[in-house]
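**Q** Dropping in coords-v7.txt, which is compact mmCIF, C-alpha atoms (C1' of nucleotides):
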```
# COMPACT_ATOMS: atom_id res chain seq x y z
CA MET I 1 186.52 79.13 98.28
CA LYS I 2 185.52 82.66 98.91
CA ILE I 3 184.73 85.04 96.14
CA THR I 4 185.59 88.32 97.81
CA ARG I 5 184.51 91.86 97.30
CA ALA I 6 187.84 92.45 95.61
CA CYS I 7 186.59 90.17 92.89
CA ASP I 8 183.44 92.24 92.42
CA TYR I 9 185.54 95.38 92.21
CA THR I 10 187.73 93.67 89.67
CA ILE I 11 184.86 92.81 87.40
CA ARG I 12 183.56 96.36 87.58
CA ALA I 13 186.96 97.70 86.68
CA LEU I 14 187.55 95.27 83.84
CA VAL I 15 184.09 95.80 82.37
CA TYR I 16 184.74 99.51 82.50
CA MET I 17 188.02 99.12 80.67
CA ALA I 18 186.55 96.72 78.15
CA GLN I 19 184.01 99.37 77.08
CA SER I 20 186.79 101.44 75.50
CA SER I 21 188.78 100.32 72.54
CA MET I 22 191.64 97.93 73.07
CA GLY I 23 194.88 99.69 74.02
CA THR I 24 193.29 102.56 75.91
CA ALA I 25 195.19 103.38 79.09
CA PHE I 26 193.42 104.18 82.35
CA MET I 27 194.70 105.71 85.53
CA ARG I 28 193.92 103.93 88.74
CA SER I 29 192.27 107.01 90.17
CA ASP I 30 189.98 107.33 87.16
CA ILE I 31 188.88 103.72 87.37
CA ALA I 32 188.36 104.09 91.10
CA LYS I 33 186.10 107.08 90.61
CA ALA I 34 184.18 105.63 87.69
CA CYS I 35 183.61 102.28 89.35
CA ASN I 36 183.17 103.49 92.90
CA VAL I 37 185.99 101.38 94.27
CA PRO I 38 188.31 102.53 97.08
CA ASP I 39 191.31 103.94 95.29
CA SER I 40 194.07 102.38 97.32
CA PHE I 41 192.41 99.02 97.42
CA LEU I 42 192.01 99.14 93.68
CA GLY I 43 195.76 99.63 93.49
CA LYS I 44 196.30 96.21 94.97
CA ILE I 45 193.79 94.64 92.67
CA LEU I 46 195.25 96.16 89.53
CA GLN I 47 198.69 94.98 90.54
CA SER I 48 197.47 91.42 90.90
CA LEU I 49 195.91 91.64 87.48
CA ALA I 50 199.10 93.02 86.01
CA LYS I 51 201.10 90.16 87.50
CA SER I 52 198.76 87.72 85.82
CA ASP I 53 199.10 89.46 82.47
CA ILE I 54 195.44 90.36 82.42
CA LEU I 55 196.55 93.97 82.53
CA VAL I 56 199.69 95.74 81.39
CA SER I 57 200.94 98.64 83.47
CA GLU I 58 203.18 101.57 82.77
CA ARG I 59 204.60 103.93 85.34
CA GLY I 60 205.29 107.59 85.28
CA LYS I 61 203.55 110.43 83.51
CA LYS I 62 201.16 109.12 80.87
CA GLY I 63 201.34 105.78 82.62
CA GLY I 64 198.36 103.69 83.54
CA PHE I 65 196.76 100.33 82.97
CA ARG I 66 195.67 98.73 79.73
CA LEU I 67 194.05 95.39 79.05
CA GLY I 68 196.70 92.81 78.33
CA LYS I 69 194.45 90.68 76.13
CA GLU I 70 191.27 91.01 74.17
CA PRO I 71 188.22 90.80 76.42
CA LYS I 72 187.12 87.61 74.73
CA ASN I 73 190.40 86.01 75.77
CA ILE I 74 190.14 86.94 79.42
CA CYS I 75 188.22 84.26 81.28
CA MET I 76 186.53 84.64 84.63
CA TYR I 77 188.46 81.79 86.15
CA ASP I 78 191.76 83.54 85.50
CA VAL I 79 190.38 86.78 86.88
CA ILE I 80 189.18 85.13 90.09
CA VAL I 81 192.44 83.32 90.63
CA ALA I 82 194.48 86.45 89.94
CA VAL I 83 192.64 88.41 92.59
CA ASP I 84 191.46 85.92 95.18
CA GLY I 85 194.18 83.34 94.78
CA PRO I 86 193.80 79.61 94.05
CA LEU I 87 190.17 78.57 93.95
CA ASN I 88 189.40 75.78 96.40
CA ILE I 89 185.84 75.08 97.39
CA ASN I 90 187.19 73.20 100.39
CA ASN I 91 190.48 73.24 102.27
CA CYS I 92 190.66 69.56 101.65
CA LEU I 93 191.56 70.40 98.05
CA ASP I 94 194.25 72.91 98.91
CA GLU I 95 197.46 71.15 97.99
CA GLN I 96 199.46 73.23 100.40
CA VAL I 97 197.24 72.28 103.30
CA GLY I 98 196.38 68.78 102.29
CA CYS I 99 193.66 66.52 103.47
CA CYS I 100 195.05 65.76 106.87
CA TYR I 101 192.07 64.06 108.40
CA ASP I 102 191.77 60.56 106.98
CA GLN I 103 188.13 60.01 107.66
CA SER I 104 186.99 63.20 106.02
CA CYS I 105 188.78 62.14 102.87
CA CYS I 106 185.65 60.22 102.10
CA ALA I 107 184.41 63.51 100.79
CA HIS I 108 187.60 64.37 98.93
CA LYS I 109 186.49 62.80 95.67
CA MET I 110 183.23 64.68 95.76
CA TRP I 111 184.85 68.05 96.37
CA LYS I 112 187.30 67.39 93.57
CA ASP I 113 184.53 66.52 91.16
CA VAL I 114 182.34 69.44 92.13
CA GLN I 115 185.24 71.85 91.86
CA ALA I 116 186.31 70.57 88.46
CA ASP I 117 182.86 71.34 87.08
CA LEU I 118 182.90 74.76 88.65
CA ILE I 119 186.26 75.66 87.18
CA GLU I 120 185.24 74.44 83.76
CA LYS I 121 182.18 76.65 83.93
CA LEU I 122 184.15 79.70 85.00
CA LYS I 123 186.62 79.18 82.17
CA LYS I 124 183.80 79.41 79.68
CA TYR I 125 182.84 82.94 80.69
CA SER I 126 184.93 85.69 79.18
CA LEU I 127 185.14 89.36 80.03
CA ALA I 128 183.55 90.01 76.65
CA ASP I 129 180.51 87.92 77.60
CA ILE I 130 179.98 89.98 80.68
CA SER I 131 180.81 93.34 79.19
CA GLU I 132 178.44 92.75 76.28
CA GLY I 133 175.57 91.80 78.55
CA CYS I 134 175.98 95.22 80.07
CA GLN I 135 174.23 98.19 78.48
CA GLN I 136 175.98 101.41 79.20
CA MET Y 1 179.92 81.07 99.43
CA LYS Y 2 182.19 79.68 102.03
CA ILE Y 3 182.27 76.03 102.88
CA THR Y 4 183.43 76.15 106.45
CA ARG Y 5 185.16 73.74 108.74
CA ALA Y 6 181.80 73.11 110.36
CA CYS Y 7 180.79 71.52 107.11
CA ASP Y 8 183.77 69.18 107.18
CA TYR Y 9 182.93 68.23 110.74
CA THR Y 10 179.37 67.60 109.67
CA ILE Y 11 180.34 65.22 106.93
CA ARG Y 12 182.62 63.32 109.30
CA ALA Y 13 179.81 63.00 111.80
CA LEU Y 14 177.20 61.97 109.27
CA VAL Y 15 179.46 59.42 107.62
CA TYR Y 16 180.18 58.00 111.05
CA MET Y 17 176.47 57.70 111.80
CA ALA Y 18 175.70 56.25 108.40
CA GLN Y 19 178.08 53.36 109.06
CA SER Y 20 175.69 51.95 111.67
CA SER Y 21 172.25 50.64 110.88
CA MET Y 22 169.42 53.10 110.44
CA GLY Y 23 167.81 54.06 113.71
CA THR Y 24 170.93 53.80 115.85
CA ALA Y 25 171.17 56.62 118.37
CA PHE Y 26 174.47 58.39 119.09
CA MET Y 27 175.46 60.65 121.89
CA ARG Y 28 177.04 63.93 120.92
CA SER Y 29 180.07 63.19 123.07
CA ASP Y 30 180.62 59.85 121.36
CA ILE Y 31 180.46 61.37 117.91
CA ALA Y 32 182.79 64.14 119.02
CA LYS Y 33 185.36 61.65 120.26
CA ALA Y 34 185.07 59.30 117.30
CA CYS Y 35 185.27 62.08 114.73
CA ASN Y 36 187.71 64.33 116.53
CA VAL Y 37 185.41 67.33 116.55
CA PRO Y 38 185.18 69.83 119.43
CA ASP Y 39 182.31 68.57 121.54
CA SER Y 40 180.49 71.81 122.13
CA PHE Y 41 180.87 72.99 118.58
CA LEU Y 42 179.47 69.69 117.43
CA GLY Y 43 176.44 70.46 119.57
CA LYS Y 44 175.66 73.46 117.41
CA ILE Y 45 176.14 71.51 114.24
CA LEU Y 46 173.91 68.64 115.32
CA GLN Y 47 171.20 71.08 116.27
CA SER Y 48 171.29 72.69 112.85
CA LEU Y 49 170.98 69.27 111.32
CA ALA Y 50 168.08 68.39 113.58
CA LYS Y 51 166.26 71.58 112.63
CA SER Y 52 166.62 70.60 108.98
CA ASP Y 53 165.25 67.12 109.67
CA ILE Y 54 168.51 65.53 108.63
CA LEU Y 55 168.81 64.29 112.19
CA VAL Y 56 166.28 63.53 114.89
CA SER Y 57 167.18 64.37 118.46
CA GLU Y 58 165.90 63.09 121.76
CA ARG Y 59 166.66 64.51 125.15
CA GLY Y 60 167.00 62.93 128.51
CA LYS Y 61 168.48 59.63 129.54
CA LYS Y 62 168.72 57.33 126.55
CA GLY Y 63 168.56 60.40 124.37
CA GLY Y 64 170.82 61.14 121.45
CA PHE Y 65 170.83 61.77 117.73
CA ARG Y 66 169.62 59.52 114.94
CA LEU Y 67 169.59 59.97 111.19
CA GLY Y 68 166.25 61.41 110.14
CA LYS Y 69 166.36 59.90 106.66
CA GLU Y 70 168.11 57.09 104.84
CA PRO Y 71 171.63 58.12 103.81
CA LYS Y 72 170.70 57.84 100.15
CA ASN Y 73 168.02 60.47 100.72
CA ILE Y 74 170.30 62.98 102.38
CA CYS Y 75 171.94 65.17 99.76
CA MET Y 76 175.06 67.22 100.18
CA TYR Y 77 173.34 70.43 99.19
CA ASP Y 78 170.88 70.11 102.06
CA VAL Y 79 173.69 69.31 104.46
CA ILE Y 80 175.72 72.35 103.43
CA VAL Y 81 172.75 74.68 103.65
CA ALA Y 82 171.72 73.27 107.02
CA VAL Y 83 175.14 73.96 108.50
CA ASP Y 84 176.58 76.91 106.61
CA GLY Y 85 173.34 78.66 105.67
CA PRO Y 86 172.15 79.65 102.20
CA LEU Y 87 174.71 78.94 99.55
CA ASN Y 88 175.68 82.02 97.56
CA ILE Y 89 178.86 82.04 95.54
CA ASN Y 90 178.61 85.82 95.49
CA ASN Y 91 176.85 88.40 97.66
CA CYS Y 92 175.24 89.66 94.53
CA LEU Y 93 173.03 86.56 94.67
CA ASP Y 94 172.05 86.95 98.29
CA GLU Y 95 168.43 88.03 98.10
CA GLN Y 96 168.63 89.67 101.48
CA VAL Y 97 171.56 91.82 100.45
CA GLY Y 98 170.65 92.35 96.84
CA CYS Y 99 172.73 93.53 93.96
CA CYS Y 100 173.01 97.14 94.98
CA TYR Y 101 175.64 98.25 92.54
CA ASP Y 102 174.11 98.60 89.10
CA GLN Y 103 177.22 98.24 87.09
CA SER Y 104 178.32 95.06 88.76
CA CYS Y 105 175.00 93.51 87.81
CA CYS Y 106 176.59 92.80 84.49
CA ALA Y 107 178.01 89.79 86.25
CA HIS Y 108 174.80 88.86 87.98
CA LYS Y 109 173.60 86.54 85.23
CA MET Y 110 176.90 84.72 85.22
CA TRP Y 111 176.94 84.16 88.96
CA LYS Y 112 173.38 82.90 88.83
CA ASP Y 113 174.19 80.45 86.08
CA VAL Y 114 177.37 79.21 87.71
CA GLN Y 115 175.63 78.78 91.02
CA ALA Y 116 172.69 76.90 89.52
CA ASP Y 117 175.10 74.33 88.10
CA LEU Y 118 176.90 74.04 91.39
CA ILE Y 119 173.71 73.44 93.35
CA GLU Y 120 172.51 70.86 90.88
CA LYS Y 121 175.78 69.02 91.27
CA LEU Y 122 175.64 69.09 95.06
CA LYS Y 123 172.11 67.78 95.02
CA LYS Y 124 173.26 64.72 93.14
CA TYR Y 125 175.64 63.62 95.89
CA SER Y 126 174.05 61.73 98.75
CA LEU Y 127 175.45 60.80 102.12
CA ALA Y 128 175.29 57.19 100.95
CA ASP Y 129 177.58 58.01 98.02
CA ILE Y 130 180.17 59.43 100.34
CA SER Y 131 179.82 56.90 103.09
CA GLU Y 132 180.16 54.01 100.64
CA GLY Y 133 183.30 55.44 99.08
CA CYS Y 134 184.79 55.25 102.54
CA GLN Y 135 186.36 51.99 103.71
CA GLN Y 136 186.29 51.64 107.45
C1' DT L 1 210.54 117.31 88.88
C1' DA L 2 205.97 115.93 88.77
C1' DT L 3 203.32 111.93 88.09
C1' DA L 4 201.83 107.45 88.30
C1' DA L 5 202.59 102.68 89.37
C1' DT L 6 204.76 99.37 93.06
C1' DA L 7 205.48 97.49 97.43
C1' DT L 8 204.69 96.90 101.99
C1' DA L 9 203.07 97.80 106.48
C1' DA L 10 199.46 99.06 109.60
C1' DT L 11 194.76 99.27 110.82
C1' DT L 12 189.96 98.30 111.02
C1' DA L 13 186.10 95.41 110.29
C1' DT L 14 183.90 91.11 109.85
C1' DA L 15 183.35 86.21 110.08
C1' DT L 16 184.64 81.78 111.86
C1' DT L 17 185.75 78.73 115.47
C1' DT L 18 185.88 77.49 120.05
C1' DT L 19 184.69 77.51 124.92
C1' DA L 20 181.69 77.92 128.64
C1' DA L 21 177.64 78.56 131.38
C1' DT L 22 172.97 77.78 132.02
C1' DA L 23 168.35 76.07 130.82
C1' DT L 24 165.38 72.38 129.50
C1' DC L 25 163.78 67.86 129.14
C1' DA L 26 162.93 62.73 129.83
C1' DA L 27 163.80 58.45 132.21
C1' DT L 28 163.94 56.15 136.38
C1' DA L 29 165.27 55.06 141.24
C1' DG L 30 163.55 55.52 145.64
C1' DC U 1 155.39 61.52 143.03
C1' DT U 2 159.47 63.66 143.31
C1' DA U 3 164.47 64.00 143.20
C1' DT U 4 168.33 62.74 140.72
C1' DT U 5 170.74 61.85 136.73
C1' DG U 6 172.18 62.07 132.05
C1' DA U 7 171.27 63.84 127.98
C1' DT U 8 170.11 67.79 124.52
C1' DA U 9 168.97 73.08 123.83
C1' DT U 10 170.10 77.74 124.09
C1' DT U 11 172.80 81.64 124.58
C1' DA U 12 176.73 84.47 125.37
C1' DA U 13 181.15 85.59 124.75
C1' DA U 14 186.06 84.90 124.01
C1' DA U 15 189.64 83.69 120.75
C1' DT U 16 191.24 83.34 116.24
C1' DA U 17 191.44 83.96 111.38
C1' DT U 18 190.40 86.34 107.30
C1' DA U 19 188.87 90.25 104.54
C1' DA U 20 188.75 95.09 103.64
C1' DT U 21 190.72 99.37 103.92
C1' DT U 22 194.08 102.99 104.59
C1' DA U 23 198.57 104.95 104.74
C1' DT U 24 203.27 105.51 103.60
C1' DA U 25 207.44 105.04 101.40
C1' DT U 26 209.72 103.48 97.00
C1' DT U 27 210.61 103.19 92.12
C1' DA U 28 210.23 104.29 87.27
C1' DT U 29 209.31 107.46 83.37
C1' DA U 30 207.90 111.44 80.54
```
Would you mind giving the structure from this file in structure tokens?
**A**
Amino acid sequence: MKITRACDYTIRALVYMAQSSMGTAFMRSDIAKACNVPDSFLGKILQSLAKSDILVSERGKKGGFRLGKEPKNICMYDVIVAVDGPLNINNCLDEQVGCCYDQSCCAHKMWKDVQADLIEKLKKYSLADISEGCQQ
Amino acid sequence: MKITRACDYTIRALVYMAQSSMGTAFMRSDIAKACNVPDSFLGKILQSLAKSDILVSERGKKGGFRLGKEPKNICMYDVIVAVDGPLNINNCLDEQVGCCYDQSCCAHKMWKDVQADLIEKLKKYSLADISEGCQQ
DNA sequence: TATAATATAATTATATTTTAATATCAATAG
DNA sequence: CTATTGATATTAAAATATAATTATATTATA
């Protein structure tokens, strides 16, 4: 697992959006400026979020991004996966890679257990939780 | 946080050592061969472990590496930190870096909480737990 | 037709993994 | 006692992989 900077940027952007009333549309460039995130990089991030239905996008004039769900229904696990891809604390757990070295599989059960707890925890945190703990 | 391949190698090596009776000395090259780990890279890893008192090293003829503690007293958290350095699921938690972006600090509390759980979990797993779950 | 998202490619930066060379140390053969 | 041998210790640096950023062209819509 690696929680990347993209993920930090994402949380900034989502918290920013969550501060306005549901349905408000934001332009990428506005979010980028407000959150101090590289504009073009933010583009990628917002697209990932749109593909995961965390955001809804509209093109053209008066287009932009809106939250796709209420902040309380957007969990951190979904956000992380949308941006950073499948969460695996160890390659061993990556189904596409597989645990190719027999002996190391001793640890497989541990990684699986540890990761399950982690995911459960991340599912409990919503965007609303984070946005509310933020006074601006 | 990133759990690297070095960490996988480490677990292989430690499980291998834990299969023999306490006090047995192993040469780096033997471990490398038995565990299929690049010899020189393993050198680095074993040194990190020795610095953290997980292993004891002796130079010269008849030298080698021995476990520094009973497998049941070696926890996975200590192993990971010894090899991969301080565990931080997010830079935000790295005390040396600090949480420089105010707005993103909204998430700080969450990361801290999630990480605390993770560490607690990793402290509960011992080398003995892993080695025993391994039939060879 | 201007505007804003979408897609993709290219580039730069950083971190991980591996290899290699050299230094240090301890046992022991002579 | 000292030279040799077999082991770890230390350091540098090359190779590879991944993350972060930038740039450009495409598509949709008011």
**Q** Using all atoms listed in the file, determine which residues lie at most 8 Å from stretch 5-19 of chain L, disregarding the query and same-chain residues fewer than 6 positions distant; provide the list as number ranges by chain.
**A** I: 47, 57-60, 63-64; Y: 4, 38, 40-41; U: 14-23, 26-27
**Q** Between atom C1' of L:DA4 and atom CA of I:Val37, what distance in Å does the model show, to one decimal?
**A**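 Computed distance, atom C1' of L:DA4 to atom CA of I:Val37, equals 18.0 Å.
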**Q** Pairing the C-alpha atoms in order across the whole chain, superpose chain Y onto chain I by least squares and write the result as a PDB file with C-alpha atoms, in the frame of the given file.
**A**
```pdb
ATOM      1  CA  MET Y   1     186.522  79.081  98.211  1.00  0.00           C
ATOM      2  CA  LYS Y   2     185.490  82.590  98.895  1.00  0.00           C
ATOM      3  CA  ILE Y   3     184.693  85.018  96.152  1.00  0.00           C
ATOM      4  CA  THR Y   4     185.510  88.281  97.822  1.00  0.00           C
ATOM      5  CA  ARG Y   5     184.450  91.839  97.312  1.00  0.00           C
ATOM      6  CA  ALA Y   6     187.783  92.425  95.620  1.00  0.00           C
ATOM      7  CA  CYS Y   7     186.537  90.158  92.896  1.00  0.00           C
ATOM      8  CA  ASP Y   8     183.403  92.235  92.423  1.00  0.00           C
ATOM      9  CA  TYR Y   9     185.515  95.364  92.235  1.00  0.00           C
ATOM     10  CA  THR Y  10     187.709  93.659  89.686  1.00  0.00           C
ATOM     11  CA  ILE Y  11     184.845  92.800  87.412  1.00  0.00           C
ATOM     12  CA  ARG Y  12     183.534  96.359  87.613  1.00  0.00           C
ATOM     13  CA  ALA Y  13     186.940  97.702  86.693  1.00  0.00           C
ATOM     14  CA  LEU Y  14     187.526  95.271  83.861  1.00  0.00           C
ATOM     15  CA  VAL Y  15     184.082  95.796  82.378  1.00  0.00           C
ATOM     16  CA  TYR Y  16     184.709  99.523  82.521  1.00  0.00           C
ATOM     17  CA  MET Y  17     188.009  99.125  80.687  1.00  0.00           C
ATOM     18  CA  ALA Y  18     186.539  96.744  78.152  1.00  0.00           C
ATOM     19  CA  GLN Y  19     184.009  99.378  77.100  1.00  0.00           C
ATOM     20  CA  SER Y  20     186.783 101.450  75.512  1.00  0.00           C
ATOM     21  CA  SER Y  21     188.802 100.331  72.537  1.00  0.00           C
ATOM     22  CA  MET Y  22     191.672  97.939  73.078  1.00  0.00           C
ATOM     23  CA  GLY Y  23     194.871  99.698  74.016  1.00  0.00           C
ATOM     24  CA  THR Y  24     193.275 102.565  75.918  1.00  0.00           C
ATOM     25  CA  ALA Y  25     195.182 103.415  79.080  1.00  0.00           C
ATOM     26  CA  PHE Y  26     193.388 104.218  82.348  1.00  0.00           C
ATOM     27  CA  MET Y  27     194.641 105.794  85.490  1.00  0.00           C
ATOM     28  CA  ARG Y  28     193.908 103.958  88.697  1.00  0.00           C
ATOM     29  CA  SER Y  29     192.241 107.029  90.160  1.00  0.00           C
ATOM     30  CA  ASP Y  30     189.918 107.338  87.178  1.00  0.00           C
ATOM     31  CA  ILE Y  31     188.855 103.724  87.384  1.00  0.00           C
ATOM     32  CA  ALA Y  32     188.355 104.081  91.120  1.00  0.00           C
ATOM     33  CA  LYS Y  33     186.076 107.069  90.654  1.00  0.00           C
ATOM     34  CA  ALA Y  34     184.144 105.621  87.732  1.00  0.00           C
ATOM     35  CA  CYS Y  35     183.608 102.261  89.405  1.00  0.00           C
ATOM     36  CA  ASN Y  36     183.190 103.466  92.958  1.00  0.00           C
ATOM     37  CA  VAL Y  37     186.018 101.369  94.333  1.00  0.00           C
ATOM     38  CA  PRO Y  38     188.383 102.519  97.105  1.00  0.00           C
ATOM     39  CA  ASP Y  39     191.354 103.957  95.267  1.00  0.00           C
ATOM     40  CA  SER Y  40     194.142 102.370  97.234  1.00  0.00           C
ATOM     41  CA  PHE Y  41     192.483  98.999  97.392  1.00  0.00           C
ATOM     42  CA  LEU Y  42     192.037  99.145  93.657  1.00  0.00           C
ATOM     43  CA  GLY Y  43     195.790  99.614  93.431  1.00  0.00           C
ATOM     44  CA  LYS Y  44     196.321  96.185  94.926  1.00  0.00           C
ATOM     45  CA  ILE Y  45     193.784  94.617  92.649  1.00  0.00           C
ATOM     46  CA  LEU Y  46     195.231  96.151  89.498  1.00  0.00           C
ATOM     47  CA  GLN Y  47     198.669  94.956  90.473  1.00  0.00           C
ATOM     48  CA  SER Y  48     197.445  91.402  90.883  1.00  0.00           C
ATOM     49  CA  LEU Y  49     195.887  91.630  87.469  1.00  0.00           C
ATOM     50  CA  ALA Y  50     199.074  93.006  85.974  1.00  0.00           C
ATOM     51  CA  LYS Y  51     201.101  90.167  87.465  1.00  0.00           C
ATOM     52  CA  SER Y  52     198.734  87.712  85.797  1.00  0.00           C
ATOM     53  CA  ASP Y  53     199.097  89.475  82.447  1.00  0.00           C
ATOM     54  CA  ILE Y  54     195.432  90.371  82.416  1.00  0.00           C
ATOM     55  CA  LEU Y  55     196.521  93.991  82.541  1.00  0.00           C
ATOM     56  CA  VAL Y  56     199.657  95.791  81.449  1.00  0.00           C
ATOM     57  CA  SER Y  57     200.913  98.638  83.589  1.00  0.00           C
ATOM     58  CA  GLU Y  58     203.155 101.567  82.841  1.00  0.00           C
ATOM     59  CA  ARG Y  59     204.619 103.951  85.343  1.00  0.00           C
ATOM     60  CA  GLY Y  60     205.472 107.576  85.149  1.00  0.00           C
ATOM     61  CA  LYS Y  61     203.728 110.426  83.425  1.00  0.00           C
ATOM     62  CA  LYS Y  62     201.364 109.095  80.792  1.00  0.00           C
ATOM     63  CA  GLY Y  63     201.402 105.811  82.640  1.00  0.00           C
ATOM     64  CA  GLY Y  64     198.373 103.753  83.523  1.00  0.00           C
ATOM     65  CA  PHE Y  65     196.762 100.382  82.999  1.00  0.00           C
ATOM     66  CA  ARG Y  66     195.697  98.741  79.761  1.00  0.00           C
ATOM     67  CA  LEU Y  67     194.047  95.416  79.060  1.00  0.00           C
ATOM     68  CA  GLY Y  68     196.719  92.834  78.337  1.00  0.00           C
ATOM     69  CA  LYS Y  69     194.473  90.688  76.157  1.00  0.00           C
ATOM     70  CA  GLU Y  70     191.282  91.035  74.164  1.00  0.00           C
ATOM     71  CA  PRO Y  71     188.230  90.801  76.432  1.00  0.00           C
ATOM     72  CA  LYS Y  72     187.131  87.610  74.715  1.00  0.00           C
ATOM     73  CA  ASN Y  73     190.420  86.021  75.755  1.00  0.00           C
ATOM     74  CA  ILE Y  74     190.146  86.940  79.407  1.00  0.00           C
ATOM     75  CA  CYS Y  75     188.224  84.263  81.274  1.00  0.00           C
ATOM     76  CA  MET Y  76     186.520  84.631  84.602  1.00  0.00           C
ATOM     77  CA  TYR Y  77     188.451  81.780  86.146  1.00  0.00           C
ATOM     78  CA  ASP Y  78     191.750  83.538  85.500  1.00  0.00           C
ATOM     79  CA  VAL Y  79     190.365  86.775  86.877  1.00  0.00           C
ATOM     80  CA  ILE Y  80     189.160  85.141  90.087  1.00  0.00           C
ATOM     81  CA  VAL Y  81     192.423  83.312  90.639  1.00  0.00           C
ATOM     82  CA  ALA Y  82     194.454  86.438  89.925  1.00  0.00           C
ATOM     83  CA  VAL Y  83     192.591  88.410  92.571  1.00  0.00           C
ATOM     84  CA  ASP Y  84     191.424  85.922  95.177  1.00  0.00           C
ATOM     85  CA  GLY Y  85     194.164  83.317  94.790  1.00  0.00           C
ATOM     86  CA  PRO Y  86     193.768  79.611  94.053  1.00  0.00           C
ATOM     87  CA  LEU Y  87     190.171  78.546  93.957  1.00  0.00           C
ATOM     88  CA  ASN Y  88     189.380  75.767  96.415  1.00  0.00           C
ATOM     89  CA  ILE Y  89     185.810  75.077  97.401  1.00  0.00           C
ATOM     90  CA  ASN Y  90     187.174  73.199 100.396  1.00  0.00           C
ATOM     91  CA  ASN Y  91     190.470  73.246 102.292  1.00  0.00           C
ATOM     92  CA  CYS Y  92     190.665  69.565 101.670  1.00  0.00           C
ATOM     93  CA  LEU Y  93     191.568  70.433  98.073  1.00  0.00           C
ATOM     94  CA  ASP Y  94     194.243  72.944  98.943  1.00  0.00           C
ATOM     95  CA  GLU Y  95     197.448  71.154  98.030  1.00  0.00           C
ATOM     96  CA  GLN Y  96     199.433  73.253 100.439  1.00  0.00           C
ATOM     97  CA  VAL Y  97     197.214  72.314 103.348  1.00  0.00           C
ATOM     98  CA  GLY Y  98     196.376  68.793 102.326  1.00  0.00           C
ATOM     99  CA  CYS Y  99     193.653  66.508 103.497  1.00  0.00           C
ATOM    100  CA  CYS Y 100     195.048  65.760 106.910  1.00  0.00           C
ATOM    101  CA  TYR Y 101     192.065  64.044 108.414  1.00  0.00           C
ATOM    102  CA  ASP Y 102     191.761  60.554 106.990  1.00  0.00           C
ATOM    103  CA  GLN Y 103     188.134  60.028 107.631  1.00  0.00           C
ATOM    104  CA  SER Y 104     187.047  63.234 106.003  1.00  0.00           C
ATOM    105  CA  CYS Y 105     188.815  62.132 102.843  1.00  0.00           C
ATOM    106  CA  CYS Y 106     185.687  60.209 102.088  1.00  0.00           C
ATOM    107  CA  ALA Y 107     184.436  63.511 100.781  1.00  0.00           C
ATOM    108  CA  HIS Y 108     187.605  64.375  98.944  1.00  0.00           C
ATOM    109  CA  LYS Y 109     186.528  62.802  95.665  1.00  0.00           C
ATOM    110  CA  MET Y 110     183.257  64.671  95.755  1.00  0.00           C
ATOM    111  CA  TRP Y 111     184.859  68.041  96.367  1.00  0.00           C
ATOM    112  CA  LYS Y 112     187.310  67.409  93.562  1.00  0.00           C
ATOM    113  CA  ASP Y 113     184.550  66.524  91.150  1.00  0.00           C
ATOM    114  CA  VAL Y 114     182.352  69.444  92.124  1.00  0.00           C
ATOM    115  CA  GLN Y 115     185.241  71.842  91.860  1.00  0.00           C
ATOM    116  CA  ALA Y 116     186.329  70.557  88.456  1.00  0.00           C
ATOM    117  CA  ASP Y 117     182.868  71.329  87.095  1.00  0.00           C
ATOM    118  CA  LEU Y 118     182.898  74.751  88.656  1.00  0.00           C
ATOM    119  CA  ILE Y 119     186.266  75.658  87.167  1.00  0.00           C
ATOM    120  CA  GLU Y 120     185.243  74.438  83.752  1.00  0.00           C
ATOM    121  CA  LYS Y 121     182.183  76.638  83.924  1.00  0.00           C
ATOM    122  CA  LEU Y 122     184.154  79.701  84.984  1.00  0.00           C
ATOM    123  CA  LYS Y 123     186.609  79.175  82.178  1.00  0.00           C
ATOM    124  CA  LYS Y 124     183.801  79.401  79.671  1.00  0.00           C
ATOM    125  CA  TYR Y 125     182.842  82.934  80.690  1.00  0.00           C
ATOM    126  CA  SER Y 126     184.934  85.686  79.163  1.00  0.00           C
ATOM    127  CA  LEU Y 127     185.129  89.347  80.024  1.00  0.00           C
ATOM    128  CA  ALA Y 128     183.564  90.008  76.627  1.00  0.00           C
ATOM    129  CA  ASP Y 129     180.531  87.914  77.588  1.00  0.00           C
ATOM    130  CA  ILE Y 130     179.982  89.983  80.674  1.00  0.00           C
ATOM    131  CA  SER Y 131     180.807  93.329  79.187  1.00  0.00           C
ATOM    132  CA  GLU Y 132     178.438  92.751  76.267  1.00  0.00           C
ATOM    133  CA  GLY Y 133     175.565  91.774  78.531  1.00  0.00           C
ATOM    134  CA  CYS Y 134     175.962  95.193  80.074  1.00  0.00           C
ATOM    135  CA  GLN Y 135     174.225  98.169  78.466  1.00  0.00           C
ATOM    136  CA  GLN Y 136     175.982 101.408  79.199  1.00  0.00           C
TER     137      GLN Y 136
END
```
**Q** Interatomic distance between atom CA of Y:Cys106 and atom CA of I:Ser131?
**A** 6.8 Å
**Q** May I have the residues within 10 Å of Y:Lys121 as JSON, numbers by chain, using all atoms listed in the file and disregarding those fewer than 6 positions away in the same chain?
**A** {"I": [110, 113, 114, 115, 117, 118], "Y": [76, 77, 115]}
**Q** Determine which residues of chain Y sit within 6 Å of chain I, taking into account all atoms listed in the file, and present them as an MDAnalysis selection string.
**A** chainID Y and resid 1:2 12 104 106:107 130 134
**Q** I'd like to know which of U:DT29, U:DT11, U:DT24, U:DT4 is closest to L:DA2, using only C-alpha atoms (C1' of nucleotides).
**A**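 Ranked by minimum distance to L:DA2, first place goes to U:DT29.
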**Q** Could you tell me how far atom CA of I:Cys75 lies from atom CA of I:Lys123, in Å and to one decimal?
**A**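 We find that atom CA of I:Cys75 and atom CA of I:Lys123 lie 5.4 Å from each other.
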